[in-house]
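**Q** I'm passing along structure22.txt; it holds compact mmCIF, C-alpha atoms.
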```
# COMPACT_ATOMS: atom_id res chain seq x y z
CA MET H 981 -102.30 48.50 42.80
CA ARG H 982 -100.04 45.80 44.04
CA LEU H 983 -101.32 42.76 45.89
CA SER H 984 -99.41 41.33 48.74
CA SER H 985 -98.24 37.73 48.52
CA ASN H 986 -100.95 36.75 51.04
CA ALA H 987 -103.60 38.27 48.77
CA GLN H 988 -102.21 36.39 45.73
CA ARG H 989 -102.08 33.11 47.62
CA THR H 990 -105.64 33.62 48.81
CA THR H 991 -106.81 34.24 45.24
CA LEU H 992 -105.05 31.09 43.91
CA SER H 993 -106.38 28.88 46.67
CA VAL H 994 -110.01 29.95 46.28
CA PRO H 995 -112.02 27.39 44.27
CA ILE H 996 -113.15 28.55 40.83
CA ALA H 997 -116.92 28.85 40.35
CA GLY H 998 -118.42 25.53 39.18
CA SER H 999 -115.32 23.52 40.15
CA GLU H 1000 -114.07 22.19 43.44
CA LYS H 1001 -110.37 22.53 42.36
CA THR H 1002 -108.38 25.67 42.92
CA LEU H 1003 -106.48 27.41 40.14
CA LEU H 1004 -103.15 26.29 41.61
CA SER H 1005 -104.16 22.60 41.68
CA ARG H 1006 -105.47 22.79 38.10
CA VAL H 1007 -102.12 24.27 36.92
CA GLU H 1008 -100.25 21.53 38.75
CA ASP H 1009 -102.45 18.88 37.12
CA ASN H 1010 -101.74 20.32 33.68
CA LEU H 1011 -97.98 20.29 34.29
CA MET H 1012 -97.83 16.55 35.08
CA PRO H 1013 -97.91 15.36 31.42
CA LEU H 1014 -95.13 17.82 30.57
CA ILE H 1015 -93.00 16.59 33.48
CA ASN H 1016 -93.62 12.98 32.42
CA LEU H 1017 -92.59 13.77 28.85
CA VAL H 1018 -89.37 15.47 29.93
CA PHE H 1019 -88.56 12.52 32.19
CA LEU H 1020 -89.16 10.01 29.37
CA LEU H 1021 -86.98 12.01 26.97
CA LEU H 1022 -84.24 12.18 29.58
CA MET H 1023 -84.36 8.40 30.07
CA PHE H 1024 -84.36 7.84 26.30
CA PHE H 1025 -81.25 9.96 25.74
CA ILE H 1026 -79.46 8.35 28.67
CA ALA H 1027 -80.16 4.88 27.26
CA VAL H 1028 -79.31 5.74 23.66
CA GLY H 1029 -76.29 7.86 24.45
CA GLN H 1030 -74.31 5.14 26.17
CA ILE H 1031 -70.76 5.02 24.82
CA SER H 1032 -70.15 1.82 22.90
CA SER H 1033 -66.99 -0.14 23.63
CA THR H 1034 -66.88 -1.53 20.09
CA SER H 1035 -65.20 0.54 17.42
CA LEU H 1036 -67.02 1.74 14.34
CA PRO H 1037 -66.53 -0.25 11.12
CA ASP H 1038 -64.22 1.18 8.48
CA LEU H 1039 -66.03 3.47 6.09
CA PRO H 1040 -65.95 2.77 2.35
CA GLY H 1041 -62.93 4.35 0.75
CA SER H 1042 -60.98 4.55 4.01
CA LYS H 1043 -57.32 3.62 4.11
CA ALA H 1044 -58.03 0.45 6.10
CA GLN H 1045 -60.26 -1.02 3.37
CA GLN H 1046 -58.16 -0.08 0.38
CA SER H 1047 -56.30 -3.02 -1.01
CA PRO H 1048 -52.74 -2.51 -2.20
CA GLU H 1049 -53.66 -4.33 -5.41
CA GLN H 1050 -54.51 -2.00 -8.27
CA PRO H 1051 -57.32 -2.95 -10.66
CA ARG H 1052 -56.16 -4.15 -14.06
CA ALA H 1053 -56.45 -1.54 -16.81
CA ASP H 1054 -56.00 -2.16 -20.53
CA LEU H 1055 -54.91 1.45 -21.06
CA ILE H 1056 -53.40 3.85 -18.52
CA VAL H 1057 -53.53 7.61 -19.12
CA LYS H 1058 -51.07 9.65 -17.06
CA SER H 1059 -51.58 13.28 -16.01
CA SER H 1060 -48.99 14.33 -18.61
CA GLY H 1061 -51.25 12.89 -21.33
CA ASP H 1062 -48.98 9.89 -22.04
CA TRP H 1063 -50.68 6.55 -22.79
CA PHE H 1064 -49.39 3.22 -21.50
CA VAL H 1065 -50.35 -0.34 -22.45
CA ASP H 1066 -48.75 -3.15 -20.42
CA GLY H 1067 -46.33 -0.63 -18.88
CA GLN H 1068 -44.98 0.61 -22.23
CA SER H 1069 -45.53 4.12 -23.53
CA ILE H 1070 -47.42 4.23 -26.84
CA THR H 1071 -48.28 6.81 -29.45
CA GLU H 1072 -51.70 7.60 -30.91
CA ALA H 1073 -50.82 5.62 -34.06
CA GLU H 1074 -50.06 2.48 -31.99
CA LEU H 1075 -53.10 2.81 -29.75
CA LEU H 1076 -55.58 0.58 -31.58
CA ASP H 1077 -52.93 -2.00 -32.54
CA LEU H 1078 -51.76 -2.66 -28.97
CA LEU H 1079 -55.16 -2.69 -27.22
CA PRO H 1080 -57.21 -5.90 -26.97
CA VAL H 1081 -59.61 -6.55 -29.83
CA PRO H 1082 -63.00 -4.91 -29.11
CA ASN H 1083 -65.78 -7.35 -28.19
CA ASN H 1084 -69.23 -7.17 -26.62
CA GLU H 1085 -68.45 -9.35 -23.58
CA THR H 1086 -65.45 -7.49 -22.14
CA PRO H 1087 -65.39 -3.67 -22.01
CA LEU H 1088 -62.12 -1.78 -22.37
CA ARG H 1089 -60.77 -0.67 -18.99
CA ILE H 1090 -59.02 2.70 -18.88
CA GLY H 1091 -57.12 3.90 -15.82
CA ALA H 1092 -56.95 7.69 -15.88
CA ASN H 1093 -55.33 10.19 -13.58
CA ARG H 1094 -57.93 12.41 -11.91
CA SER H 1095 -56.16 15.57 -13.11
CA MET H 1096 -56.89 14.71 -16.77
CA THR H 1097 -59.00 17.29 -18.58
CA MET H 1098 -62.29 16.28 -20.09
CA ALA H 1099 -61.12 17.58 -23.49
CA ALA H 1100 -58.18 15.13 -23.50
CA MET H 1101 -60.43 12.26 -22.39
CA GLU H 1102 -63.04 13.12 -25.03
CA LYS H 1103 -60.36 13.03 -27.75
CA LEU H 1104 -59.29 9.58 -26.51
CA PHE H 1105 -62.89 8.33 -26.38
CA GLN H 1106 -63.50 9.49 -29.97
CA ARG H 1107 -60.36 7.66 -31.14
CA LEU H 1108 -61.46 4.49 -29.34
CA GLU H 1109 -65.00 4.74 -30.72
CA SER H 1110 -63.61 4.99 -34.25
CA GLY H 1111 -61.64 1.80 -33.50
CA GLY H 1112 -64.82 -0.13 -32.62
CA TYR H 1113 -64.88 0.14 -28.82
CA LYS H 1114 -68.47 0.60 -27.65
CA ASP H 1115 -68.16 -0.18 -23.91
CA ILE H 1116 -65.51 1.49 -21.77
CA ILE H 1117 -64.98 1.35 -18.03
CA LEU H 1118 -63.16 4.40 -16.69
CA LEU H 1119 -61.12 3.73 -13.56
CA VAL H 1120 -60.27 6.80 -11.49
CA GLU H 1121 -58.94 7.27 -7.99
CA PRO H 1122 -61.52 8.88 -5.69
CA GLY H 1123 -60.72 12.41 -4.55
CA SER H 1124 -59.95 13.14 -0.94
```
Would you write the structure of this file as structure tokens?
**A**
Amino acid sequence: MRLSSNAQRTTLSVPIAGSEKTLLSRVEDNLMPLINLVFLLLMFFIAVGQISSTSLPDLPGSKAQQSPEQPRADLIVKSSGDWFVDGQSITEAELLDLLPVPNNETPLRIGANRSMTMAAMEKLFQRLESGGYKDIILLVEPGS
């Protein structure tokens, strides 16, 4: 059985037993906190979402912050596996003779190409450890 809209309206506007408010007014009262919450969220996002006229700072590792000056390395290892000390190519036999004397205050700084294999680096580290180097700083270029 279908009620006409007049019958529905009459039912909603009749006070509920034990209360002087109608069902429709009670529903409207319960919707007010929800409407207030939606309004507050809308105002919050309008205030927070304002477009800033200042530009964002440069992120670490970005091109703008990179200095053209390269860090100083005692030993440079190229991707081909060649070793260089002070710009001159050296052999494995000359390695320990041309590097600075190992000491506890200053670690050895090695600049390595990021395409070097770990096996080649491990061989180099073992050779340096046998020569008395305990602290090594490995300088690599971050990947992009």
**Q** May I ask which of the residues H:Pro1051, H:Phe1019, H:Gly1091, H:Glu1085 is the closest one to Phe1064 (chain H), counting all atoms listed in the file?
**A**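 The answer is H:Gly1091, which sits nearest to Phe1064 (chain H).
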**Q** In Å, rounded to a single decimal, give me how far CA of Ile1117 (chain H) is from CA of Leu1088 (chain H).
**A**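 Those two atoms sit 6.1 Å apart.
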**Q** Could you tell me, as an NGL selection string, which residues have any atom at most 12 Å from (-57.9, -4.6, -27.0), counting only C-alpha atoms?
**A** :H and (1053-1055 or 1065-1066 or 1074-1084 or 1086-1090 or 1108 or 1111-1116)
**Q** To one decimal in Å, tell me the separation between CA of Ala1099 (chain H) and CA of Ile1056 (chain H).
**A**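 Computed distance, CA of Ala1099 (chain H) to CA of Ile1056 (chain H), equals 16.5 Å.
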**Q** So how many Å separate CA of Ala1073 (chain H) and CA of Ser1110 (chain H), to one decimal?
**A** 12.8 Å
**Q** For a quick check of understanding, using only C-alpha atoms, which of H:Arg1094, H:Glu1072, H:Ser1059, H:Leu1022 has the smallest distance to Gln1106 (chain H)?
**A**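 For Gln1106 (chain H), the nearest of the given residues is H:Glu1072.
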**Q** Counting all atoms listed in the file, which of H:Val1120, H:Val1057, H:Leu1017, H:Val1028 gets nearest to Ala1100 (chain H)?
**A** H:Val1057
